[in-house]
$ cat entry36.cif   # mmCIF, C-alpha atoms
data_start
#
loop_
_atom_site.label_atom_id
_atom_site.label_comp_id
_atom_site.auth_asym_id
_atom_site.auth_seq_id
_atom_site.Cartn_x
_atom_site.Cartn_y
_atom_site.Cartn_z
CA HIS A 1 7.58 -4.23 4.61
CA VAL A 2 4.34 -2.26 4.62
CA ASP A 3 3.16 -0.81 1.32
CA GLY A 4 0.06 1.34 0.78
CA ASN A 5 -1.84 0.02 -2.24
CA ALA A 6 -2.61 2.72 -4.83
CA PHE A 7 -1.91 5.02 -1.90
CA PHE A 8 -2.94 8.46 -3.19
CA ALA A 9 -6.08 7.10 -4.86
CA SER A 10 -6.91 4.97 -1.80
CA VAL A 11 -6.52 7.97 0.50
CA MET A 12 -8.86 10.05 -1.69
CA GLN A 13 -11.40 7.21 -1.63
CA ALA A 14 -11.12 6.80 2.15
CA ALA A 15 -11.39 10.53 2.85
CA SER A 16 -14.30 11.11 0.46
CA PRO A 17 -16.96 8.39 0.69
CA GLN A 18 -18.49 9.45 -2.64
CA TYR A 19 -15.31 8.14 -4.32
CA ALA A 20 -15.42 4.72 -2.65
CA ASN A 21 -15.52 1.76 -5.06
CA THR A 22 -15.40 4.01 -8.11
CA PRO A 23 -12.78 4.42 -10.84
CA LEU A 24 -10.63 7.31 -9.61
CA VAL A 25 -7.45 8.90 -10.91
CA VAL A 26 -5.28 11.38 -9.03
CA GLY A 27 -3.21 13.85 -11.05
CA LYS A 28 -5.71 16.20 -12.68
CA GLU A 29 -3.49 19.18 -11.77
CA ARG A 30 -0.63 17.66 -13.79
CA GLY A 31 -2.72 16.42 -16.68
CA ILE A 32 -1.51 12.85 -16.19
CA ALA A 33 -2.37 9.95 -13.90
CA THR A 34 -0.12 9.88 -10.86
CA ALA A 35 -2.21 7.37 -8.90
CA ILE A 36 -4.95 5.03 -10.10
CA SER A 37 -7.56 3.23 -8.05
CA TYR A 38 -7.90 -0.48 -8.62
CA GLU A 39 -11.36 0.19 -10.07
CA ALA A 40 -9.78 2.45 -12.75
CA ARG A 41 -6.98 -0.04 -13.41
CA ALA A 42 -9.65 -2.57 -14.35
CA TYR A 43 -10.44 -0.36 -17.36
CA GLY A 44 -6.80 -0.28 -18.47
CA VAL A 45 -5.86 3.08 -16.97
CA THR A 46 -2.13 3.22 -16.23
CA ARG A 47 0.26 5.58 -14.53
CA ALA A 48 1.41 8.63 -16.56
CA MET A 49 -1.56 8.25 -18.92
CA GLN A 50 -2.93 11.60 -20.09
CA MET A 51 -6.36 12.69 -18.92
CA HIS A 52 -7.89 12.67 -22.42
CA GLU A 53 -6.72 9.05 -22.86
CA ILE A 54 -8.27 8.13 -19.54
CA ARG A 55 -11.59 9.65 -20.60
CA LEU A 56 -11.58 7.46 -23.73
CA LEU A 57 -10.94 4.27 -21.73
CA CYS A 58 -13.22 5.08 -18.81
CA PRO A 59 -15.61 7.99 -19.45
CA HIS A 60 -17.12 7.76 -15.94
CA CYS A 61 -13.72 7.85 -14.22
CA ILE A 62 -13.40 10.55 -11.57
CA LEU A 63 -10.35 12.75 -12.10
CA VAL A 64 -9.11 14.62 -9.02
CA GLU A 65 -6.24 16.85 -8.01
CA GLY A 66 -3.83 15.46 -5.45
CA ASP A 67 -4.21 16.66 -1.87
CA TYR A 68 -0.65 16.34 -0.65
CA GLU A 69 -1.41 17.59 2.86
CA LEU A 70 -4.02 14.84 3.19
CA PHE A 71 -1.59 12.25 1.82
CA SER A 72 1.01 13.35 4.37
CA LEU A 73 -1.52 13.13 7.21
CA TYR A 74 -2.51 9.58 6.22
CA SER A 75 1.16 8.65 5.92
CA GLN A 76 1.90 9.96 9.42
CA ARG A 77 -1.06 8.03 10.81
CA MET A 78 0.00 4.85 9.01
CA PHE A 79 3.50 5.07 10.50
CA THR A 80 2.09 5.82 13.96
CA ILE A 81 0.13 2.56 13.76
CA LEU A 82 3.24 0.74 12.58
CA ARG A 83 5.19 2.11 15.57
CA ASN A 84 2.59 0.57 17.87
CA TYR A 85 4.03 -2.78 16.75
CA SER A 86 7.74 -2.07 16.59
CA PRO A 87 10.16 0.45 18.07
CA SER A 88 12.28 0.07 14.92
CA VAL A 89 10.47 1.59 11.94
CA GLU A 90 12.09 2.96 8.79
CA GLU A 91 10.01 5.25 6.59
CA TYR A 92 11.00 4.36 3.04
CA SER A 93 8.58 6.70 1.26
CA VAL A 94 5.24 8.37 1.92
CA ASP A 95 3.44 5.02 1.59
CA GLU A 96 6.11 2.42 2.32
CA GLY A 97 8.14 1.43 5.32
CA PHE A 98 9.93 -1.31 7.16
CA ALA A 99 9.33 -2.49 10.72
CA ASP A 100 11.63 -4.88 12.52
CA ILE A 101 9.33 -7.36 14.25
CA THR A 102 12.13 -9.77 15.16
CA GLY A 103 11.53 -11.25 18.60
CA LEU A 104 8.03 -9.80 18.97
CA ARG A 105 6.09 -13.06 18.68
CA ARG A 106 6.07 -13.65 22.42
CA PRO A 107 5.05 -10.10 23.48
CA PHE A 108 2.20 -10.15 20.93
CA HIS A 109 1.33 -13.83 21.53
CA ALA A 110 1.25 -14.20 17.75
CA THR A 111 3.18 -15.57 14.79
CA TYR A 112 4.94 -13.15 12.47
CA GLU A 113 2.13 -13.63 9.96
CA GLU A 114 -0.46 -12.85 12.64
CA ILE A 115 1.45 -9.70 13.59
CA GLY A 116 1.54 -8.68 9.92
CA ARG A 117 -2.19 -9.26 9.54
CA LYS A 118 -2.87 -7.29 12.74
CA ILE A 119 -0.90 -4.35 11.35
CA GLN A 120 -2.76 -4.66 8.06
CA ASN A 121 -6.13 -4.83 9.81
CA ASP A 122 -5.37 -1.89 12.12
CA ILE A 123 -4.41 0.34 9.19
CA GLN A 124 -7.47 -0.76 7.18
CA GLN A 125 -9.82 -0.22 10.14
CA SER A 126 -8.29 3.09 11.27
CA LEU A 127 -7.58 4.71 7.92
CA GLY A 128 -9.74 2.82 5.43
CA ILE A 129 -6.84 2.19 3.06
CA PRO A 130 -5.57 -1.16 1.80
CA ILE A 131 -1.97 -2.19 2.39
CA SER A 132 0.18 -5.13 1.46
CA ILE A 133 2.59 -6.75 3.89
CA GLY A 134 5.80 -8.63 3.15
CA ILE A 135 7.67 -10.50 5.87
CA SER A 136 11.09 -12.04 5.43
CA ILE A 137 14.63 -12.10 6.78
CA THR A 138 15.87 -9.07 4.80
CA LYS A 139 14.30 -5.78 3.76
CA SER A 140 14.77 -6.59 0.07
CA LEU A 141 12.98 -9.91 0.39
CA ALA A 142 10.21 -8.33 2.48
CA LYS A 143 9.69 -5.65 -0.21
CA LEU A 144 9.54 -8.28 -2.95
CA ALA A 145 7.09 -10.25 -0.84
CA SER A 146 4.74 -7.29 -0.32
CA GLU A 147 4.78 -6.60 -4.07
CA SER A 148 3.90 -10.18 -4.92
CA LYS A 149 0.27 -9.99 -3.77
CA LYS A 150 -1.53 -6.71 -4.22
CA PRO A 151 -3.86 -5.37 -3.09
CA ARG A 152 -4.24 -6.45 0.53
CA GLY A 153 -1.70 -9.27 0.38
CA CYS A 154 0.29 -10.65 3.29
CA THR A 155 3.22 -12.70 2.06
CA ILE A 156 5.73 -14.47 4.28
CA VAL A 157 9.03 -15.72 2.88
CA PRO A 158 10.87 -17.79 5.50
CA GLY A 159 14.61 -18.28 5.05
CA LYS A 160 14.18 -21.91 4.00
CA ASN A 161 11.85 -20.89 1.13
CA ILE A 162 13.87 -18.03 -0.38
CA GLU A 163 14.90 -19.97 -3.49
CA LEU A 164 11.33 -21.14 -4.16
CA PHE A 165 10.00 -17.61 -3.76
CA LEU A 166 12.69 -16.00 -5.92
CA ALA A 167 12.06 -18.55 -8.67
CA SER A 168 8.53 -17.10 -8.99
CA VAL A 169 9.67 -13.45 -9.15
CA PRO A 170 9.99 -12.01 -12.67
CA ILE A 171 13.52 -10.89 -13.42
CA ALA A 172 12.28 -7.49 -14.62
#
$ encode --input "entry36.cif" --output "structure tokens"
Amino acid sequence: HVDGNAFFASVMQAASPQYANTPLVVGKERGIATAISYEARAYGVTRAMQMHEIRLLCPHCILVEGDYELFSLYSQRMFTILRNYSPSVEEYSVDEGFADITGLRRPFHATYEEIGRKIQNDIQQSLGIPISIGISITKSLAKLASESKKPRGCTIVPGKNIELFLASVPIA
């Protein structure tokens, strides 16, 4: 499972260098936060928070309108990179997808973790956006794995460790 971290905010930061490493919130056109950079999250900004509340928490936060054409372009590029690694890719949403890498260790001369990190590195280098990777024997487990370490995590859950991994996942 590949998951873009704070995707809309990360895309805006990657596309506009003046936004890099700054607290940034996407959603100005709606009056609420639809995506929050990790720098803004550090100040307590959360999704669906109103713009006036954000200004109170983080007065220097940059508030921007979403550029949905740009988000779509980055999404297409991300999935193109993913297809370089697997012929079987499922787009789950604009910033999430699944790639079946079963049996690809030998062609790539790499472990599954190394393949995951290569995908992660290629997307970071090509697009400038952080992603998290989850690798496991089912899509559900892979999605849980990618969510367990954000941003920029790469989590592998082998079949023999499923119970140990699930014990650490909050029921909510």
$ resolve_selection --input "entry36.cif" --expression "the PyMOL selection byres ((chain A and resi 82) around 12)" --output "PyMOL selection string"
chain A and resi 1-3+75-81+83-91+95-101+115-123+126+131+133
$ atom_distance --input "entry36.cif" --atom1 "CA of Tyr68 in chain A" --atom2 "CA of Ser146 in chain A"
24.2 Å
$ residues_around --input "entry36.cif" --residues "range 38-40 of chain A" --least-positions-apart "4" --cutoff "12 Å" --atoms "only C-alpha atoms" --output "PyMOL selection string"
chain A and resi 5-10+13+19-26+33+44-47+49+54-55+57-63+130+150-152
$ write_last_selection --input "entry36.cif" --atoms "C-alpha atoms" --output "PDB file, in the frame of the given file"
ATOM      1  CA  ASN A   5      -1.840   0.020  -2.240  1.00  0.00           C
ATOM      2  CA  ALA A   6      -2.610   2.720  -4.830  1.00  0.00           C
ATOM      3  CA  PHE A   7      -1.910   5.020  -1.900  1.00  0.00           C
ATOM      4  CA  PHE A   8      -2.940   8.460  -3.190  1.00  0.00           C
ATOM      5  CA  ALA A   9      -6.080   7.100  -4.860  1.00  0.00           C
ATOM      6  CA  SER A  10      -6.910   4.970  -1.800  1.00  0.00           C
ATOM      7  CA  GLN A  13     -11.400   7.210  -1.630  1.00  0.00           C
ATOM      8  CA  TYR A  19     -15.310   8.140  -4.320  1.00  0.00           C
ATOM      9  CA  ALA A  20     -15.420   4.720  -2.650  1.00  0.00           C
ATOM     10  CA  ASN A  21     -15.520   1.760  -5.060  1.00  0.00           C
ATOM     11  CA  THR A  22     -15.400   4.010  -8.110  1.00  0.00           C
ATOM     12  CA  PRO A  23     -12.780   4.420 -10.840  1.00  0.00           C
ATOM     13  CA  LEU A  24     -10.630   7.310  -9.610  1.00  0.00           C
ATOM     14  CA  VAL A  25      -7.450   8.900 -10.910  1.00  0.00           C
ATOM     15  CA  VAL A  26      -5.280  11.380  -9.030  1.00  0.00           C
ATOM     16  CA  ALA A  33      -2.370   9.950 -13.900  1.00  0.00           C
ATOM     17  CA  GLY A  44      -6.800  -0.280 -18.470  1.00  0.00           C
ATOM     18  CA  VAL A  45      -5.860   3.080 -16.970  1.00  0.00           C
ATOM     19  CA  THR A  46      -2.130   3.220 -16.230  1.00  0.00           C
ATOM     20  CA  ARG A  47       0.260   5.580 -14.530  1.00  0.00           C
ATOM     21  CA  MET A  49      -1.560   8.250 -18.920  1.00  0.00           C
ATOM     22  CA  ILE A  54      -8.270   8.130 -19.540  1.00  0.00           C
ATOM     23  CA  ARG A  55     -11.590   9.650 -20.600  1.00  0.00           C
ATOM     24  CA  LEU A  57     -10.940   4.270 -21.730  1.00  0.00           C
ATOM     25  CA  CYS A  58     -13.220   5.080 -18.810  1.00  0.00           C
ATOM     26  CA  PRO A  59     -15.610   7.990 -19.450  1.00  0.00           C
ATOM     27  CA  HIS A  60     -17.120   7.760 -15.940  1.00  0.00           C
ATOM     28  CA  CYS A  61     -13.720   7.850 -14.220  1.00  0.00           C
ATOM     29  CA  ILE A  62     -13.400  10.550 -11.570  1.00  0.00           C
ATOM     30  CA  LEU A  63     -10.350  12.750 -12.100  1.00  0.00           C
ATOM     31  CA  PRO A 130      -5.570  -1.160   1.800  1.00  0.00           C
ATOM     32  CA  LYS A 150      -1.530  -6.710  -4.220  1.00  0.00           C
ATOM     33  CA  PRO A 151      -3.860  -5.370  -3.090  1.00  0.00           C
ATOM     34  CA  ARG A 152      -4.240  -6.450   0.530  1.00  0.00           C
TER      35      ARG A 152
END
$ atom_distance --input "entry36.cif" --atom1 "CA of Val11 in chain A" --atom2 "CA of Ser140 in chain A"
25.8 Å
$ atom_distance --input "entry36.cif" --atom1 "CA of Ala110 in chain A" --atom2 "CA of Tyr74 in chain A"
26.7 Å
$ resolve_selection --input "entry36.cif" --expression "the PyMOL selection byres ((chain A and resi 168-170) around 10)" --output "PyMOL selection string"
chain A and resi 144-145+147-148+163-167+171-172
$ closest_residue --input "entry36.cif" --among "A:Ala48, A:Met12, A:Ile156, A:Leu70" --to "Ser132 in chain A" --atoms "only C-alpha atoms"
A:Ile156
$ closest_residue --input "entry36.cif" --among "A:Gly128, A:Gly31, A:Gly4, A:Gly134" --to "Val64 in chain A" --atoms "only C-alpha atoms"
A:Gly31
$ resolve_selection --input "entry36.cif" --expression "the PyMOL selection byres ((chain A and resi 65) around 7)" --output "list in words"
Val26, Gly27, Lys28, Glu29, Val64, Gly66 and Asp67 of chain A
$ residues_near_point --input "entry36.cif" --point "(7.0, -15.5, 3.9)" --cutoff "10 Å" --atoms "all atoms listed in the file" --output "list in words"
Tyr112, Glu113, Ile133, Gly134, Ile135, Ser136, Ile137, Leu141, Ala142, Ala145, Ser146, Cys154, Thr155, Ile156, Val157, Pro158, Gly159, Lys160, Asn161, Ile162 and Phe165 of chain A
$ decode --input "entry36.cif" --residues "range 90-127 of chain A" --atoms "N, CA and C atoms" --output "mmCIF file, in the first residue's frame"
data_model
loop_
_atom_site.group_PDB
_atom_site.id
_atom_site.type_symbol
_atom_site.label_atom_id
_atom_site.label_comp_id
_atom_site.auth_asym_id
_atom_site.auth_seq_id
_atom_site.Cartn_x
_atom_site.Cartn_y
_atom_site.Cartn_z
ATOM 1 N N GLU A 90 -3.672 -0.920 -8.226
ATOM 2 C CA GLU A 90 -5.051 -0.500 -7.992
ATOM 3 C C GLU A 90 -5.029 0.891 -7.367
ATOM 4 N N GLU A 91 -5.631 1.851 -8.060
ATOM 5 C CA GLU A 91 -5.745 3.207 -7.512
ATOM 6 C C GLU A 91 -6.917 3.207 -6.541
ATOM 7 N N TYR A 92 -6.626 3.466 -5.289
ATOM 8 C CA TYR A 92 -7.641 3.431 -4.238
ATOM 9 C C TYR A 92 -8.262 4.808 -4.048
ATOM 10 N N SER A 93 -7.460 5.841 -4.149
ATOM 11 C CA SER A 93 -7.921 7.224 -4.097
ATOM 12 C C SER A 93 -6.858 8.073 -4.787
ATOM 13 N N VAL A 94 -7.020 9.378 -4.743
ATOM 14 C CA VAL A 94 -6.069 10.260 -5.422
ATOM 15 C C VAL A 94 -4.649 10.100 -4.880
ATOM 16 N N ASP A 95 -4.527 9.721 -3.614
ATOM 17 C CA ASP A 95 -3.196 9.631 -2.996
ATOM 18 C C ASP A 95 -2.870 8.277 -2.402
ATOM 19 N N GLU A 96 -3.675 7.268 -2.710
ATOM 20 C CA GLU A 96 -3.438 5.930 -2.160
ATOM 21 C C GLU A 96 -3.643 4.871 -3.227
ATOM 22 N N GLY A 97 -2.822 3.823 -3.142
ATOM 23 C CA GLY A 97 -3.004 2.718 -4.057
ATOM 24 C C GLY A 97 -2.309 1.466 -3.582
ATOM 25 N N PHE A 98 -2.613 0.388 -4.260
ATOM 26 C CA PHE A 98 -2.031 -0.905 -3.953
ATOM 27 C C PHE A 98 -1.266 -1.399 -5.171
ATOM 28 N N ALA A 99 -0.125 -2.011 -4.931
ATOM 29 C CA ALA A 99 0.653 -2.647 -6.000
ATOM 30 C C ALA A 99 0.980 -4.063 -5.550
ATOM 31 N N ASP A 100 0.709 -5.016 -6.415
ATOM 32 C CA ASP A 100 1.055 -6.404 -6.103
ATOM 33 C C ASP A 100 2.507 -6.620 -6.516
ATOM 34 N N ILE A 101 3.372 -6.776 -5.516
ATOM 35 C CA ILE A 101 4.797 -7.001 -5.807
ATOM 36 C C ILE A 101 5.204 -8.455 -5.564
ATOM 37 N N THR A 102 4.192 -9.327 -5.434
ATOM 38 C CA THR A 102 4.442 -10.750 -5.235
ATOM 39 C C THR A 102 5.308 -11.295 -6.375
ATOM 40 N N GLY A 103 6.366 -11.990 -6.014
ATOM 41 C CA GLY A 103 7.223 -12.623 -7.007
ATOM 42 C C GLY A 103 8.192 -11.691 -7.712
ATOM 43 N N LEU A 104 8.299 -10.456 -7.267
ATOM 44 C CA LEU A 104 9.170 -9.490 -7.951
ATOM 45 C C LEU A 104 10.536 -9.324 -7.290
ATOM 46 N N ARG A 105 10.809 -10.103 -6.254
ATOM 47 C CA ARG A 105 12.122 -9.988 -5.598
ATOM 48 C C ARG A 105 13.250 -10.343 -6.562
ATOM 49 N N ARG A 106 13.095 -11.412 -7.276
ATOM 50 C CA ARG A 106 14.165 -11.850 -8.189
ATOM 51 C C ARG A 106 14.374 -10.852 -9.336
ATOM 52 N N PRO A 107 13.317 -10.413 -10.040
ATOM 53 C CA PRO A 107 13.555 -9.446 -11.124
ATOM 54 C C PRO A 107 14.207 -8.146 -10.648
ATOM 55 N N PHE A 108 13.875 -7.716 -9.420
ATOM 56 C CA PHE A 108 14.453 -6.476 -8.897
ATOM 57 C C PHE A 108 15.727 -6.718 -8.081
ATOM 58 N N HIS A 109 16.080 -7.988 -7.884
ATOM 59 C CA HIS A 109 17.258 -8.325 -7.061
ATOM 60 C C HIS A 109 17.178 -7.593 -5.721
ATOM 61 N N ALA A 110 16.010 -7.705 -5.084
ATOM 62 C CA ALA A 110 15.775 -6.957 -3.850
ATOM 63 C C ALA A 110 14.736 -7.681 -3.000
ATOM 64 N N THR A 111 14.767 -7.406 -1.706
ATOM 65 C CA THR A 111 13.725 -7.905 -0.806
ATOM 66 C C THR A 111 12.470 -7.058 -1.023
ATOM 67 N N TYR A 112 11.360 -7.512 -0.471
ATOM 68 C CA TYR A 112 10.136 -6.720 -0.574
ATOM 69 C C TYR A 112 10.313 -5.356 0.102
ATOM 70 N N GLU A 113 10.997 -5.341 1.218
ATOM 71 C CA GLU A 113 11.250 -4.054 1.887
ATOM 72 C C GLU A 113 12.092 -3.145 0.998
ATOM 73 N N GLU A 114 13.108 -3.691 0.362
ATOM 74 C CA GLU A 114 13.948 -2.886 -0.529
ATOM 75 C C GLU A 114 13.153 -2.351 -1.720
ATOM 76 N N ILE A 115 12.246 -3.170 -2.241
ATOM 77 C CA ILE A 115 11.380 -2.706 -3.330
ATOM 78 C C ILE A 115 10.507 -1.559 -2.829
ATOM 79 N N GLY A 116 9.919 -1.719 -1.653
ATOM 80 C CA GLY A 116 9.097 -0.656 -1.066
ATOM 81 C C GLY A 116 9.877 0.631 -0.884
ATOM 82 N N ARG A 117 11.090 0.514 -0.381
ATOM 83 C CA ARG A 117 11.919 1.713 -0.168
ATOM 84 C C ARG A 117 12.345 2.341 -1.497
ATOM 85 N N LYS A 118 12.546 1.523 -2.530
ATOM 86 C CA LYS A 118 12.863 2.065 -3.854
ATOM 87 C C LYS A 118 11.679 2.866 -4.394
ATOM 88 N N ILE A 119 10.485 2.319 -4.248
ATOM 89 C CA ILE A 119 9.278 3.034 -4.679
ATOM 90 C C ILE A 119 9.178 4.362 -3.927
ATOM 91 N N GLN A 120 9.341 4.281 -2.622
ATOM 92 C CA GLN A 120 9.267 5.471 -1.772
ATOM 93 C C GLN A 120 10.300 6.517 -2.201
ATOM 94 N N ASN A 121 11.512 6.076 -2.427
ATOM 95 C CA ASN A 121 12.592 6.979 -2.831
ATOM 96 C C ASN A 121 12.331 7.577 -4.217
ATOM 97 N N ASP A 122 11.867 6.768 -5.154
ATOM 98 C CA ASP A 122 11.586 7.279 -6.495
ATOM 99 C C ASP A 122 10.512 8.359 -6.471
ATOM 100 N N ILE A 123 9.461 8.142 -5.703
ATOM 101 C CA ILE A 123 8.391 9.140 -5.612
ATOM 102 C C ILE A 123 8.909 10.397 -4.931
ATOM 103 N N GLN A 124 9.673 10.246 -3.855
ATOM 104 C CA GLN A 124 10.241 11.406 -3.153
ATOM 105 C C GLN A 124 11.171 12.189 -4.078
ATOM 106 N N GLN A 125 12.055 11.486 -4.779
ATOM 107 C CA GLN A 125 13.025 12.154 -5.656
ATOM 108 C C GLN A 125 12.349 12.803 -6.864
ATOM 109 N N SER A 126 11.380 12.125 -7.462
ATOM 110 C CA SER A 126 10.731 12.623 -8.674
ATOM 111 C C SER A 126 9.704 13.715 -8.404
ATOM 112 N N LEU A 127 8.952 13.551 -7.328
ATOM 113 C CA LEU A 127 7.838 14.462 -7.074
ATOM 114 C C LEU A 127 8.054 15.376 -5.871
#
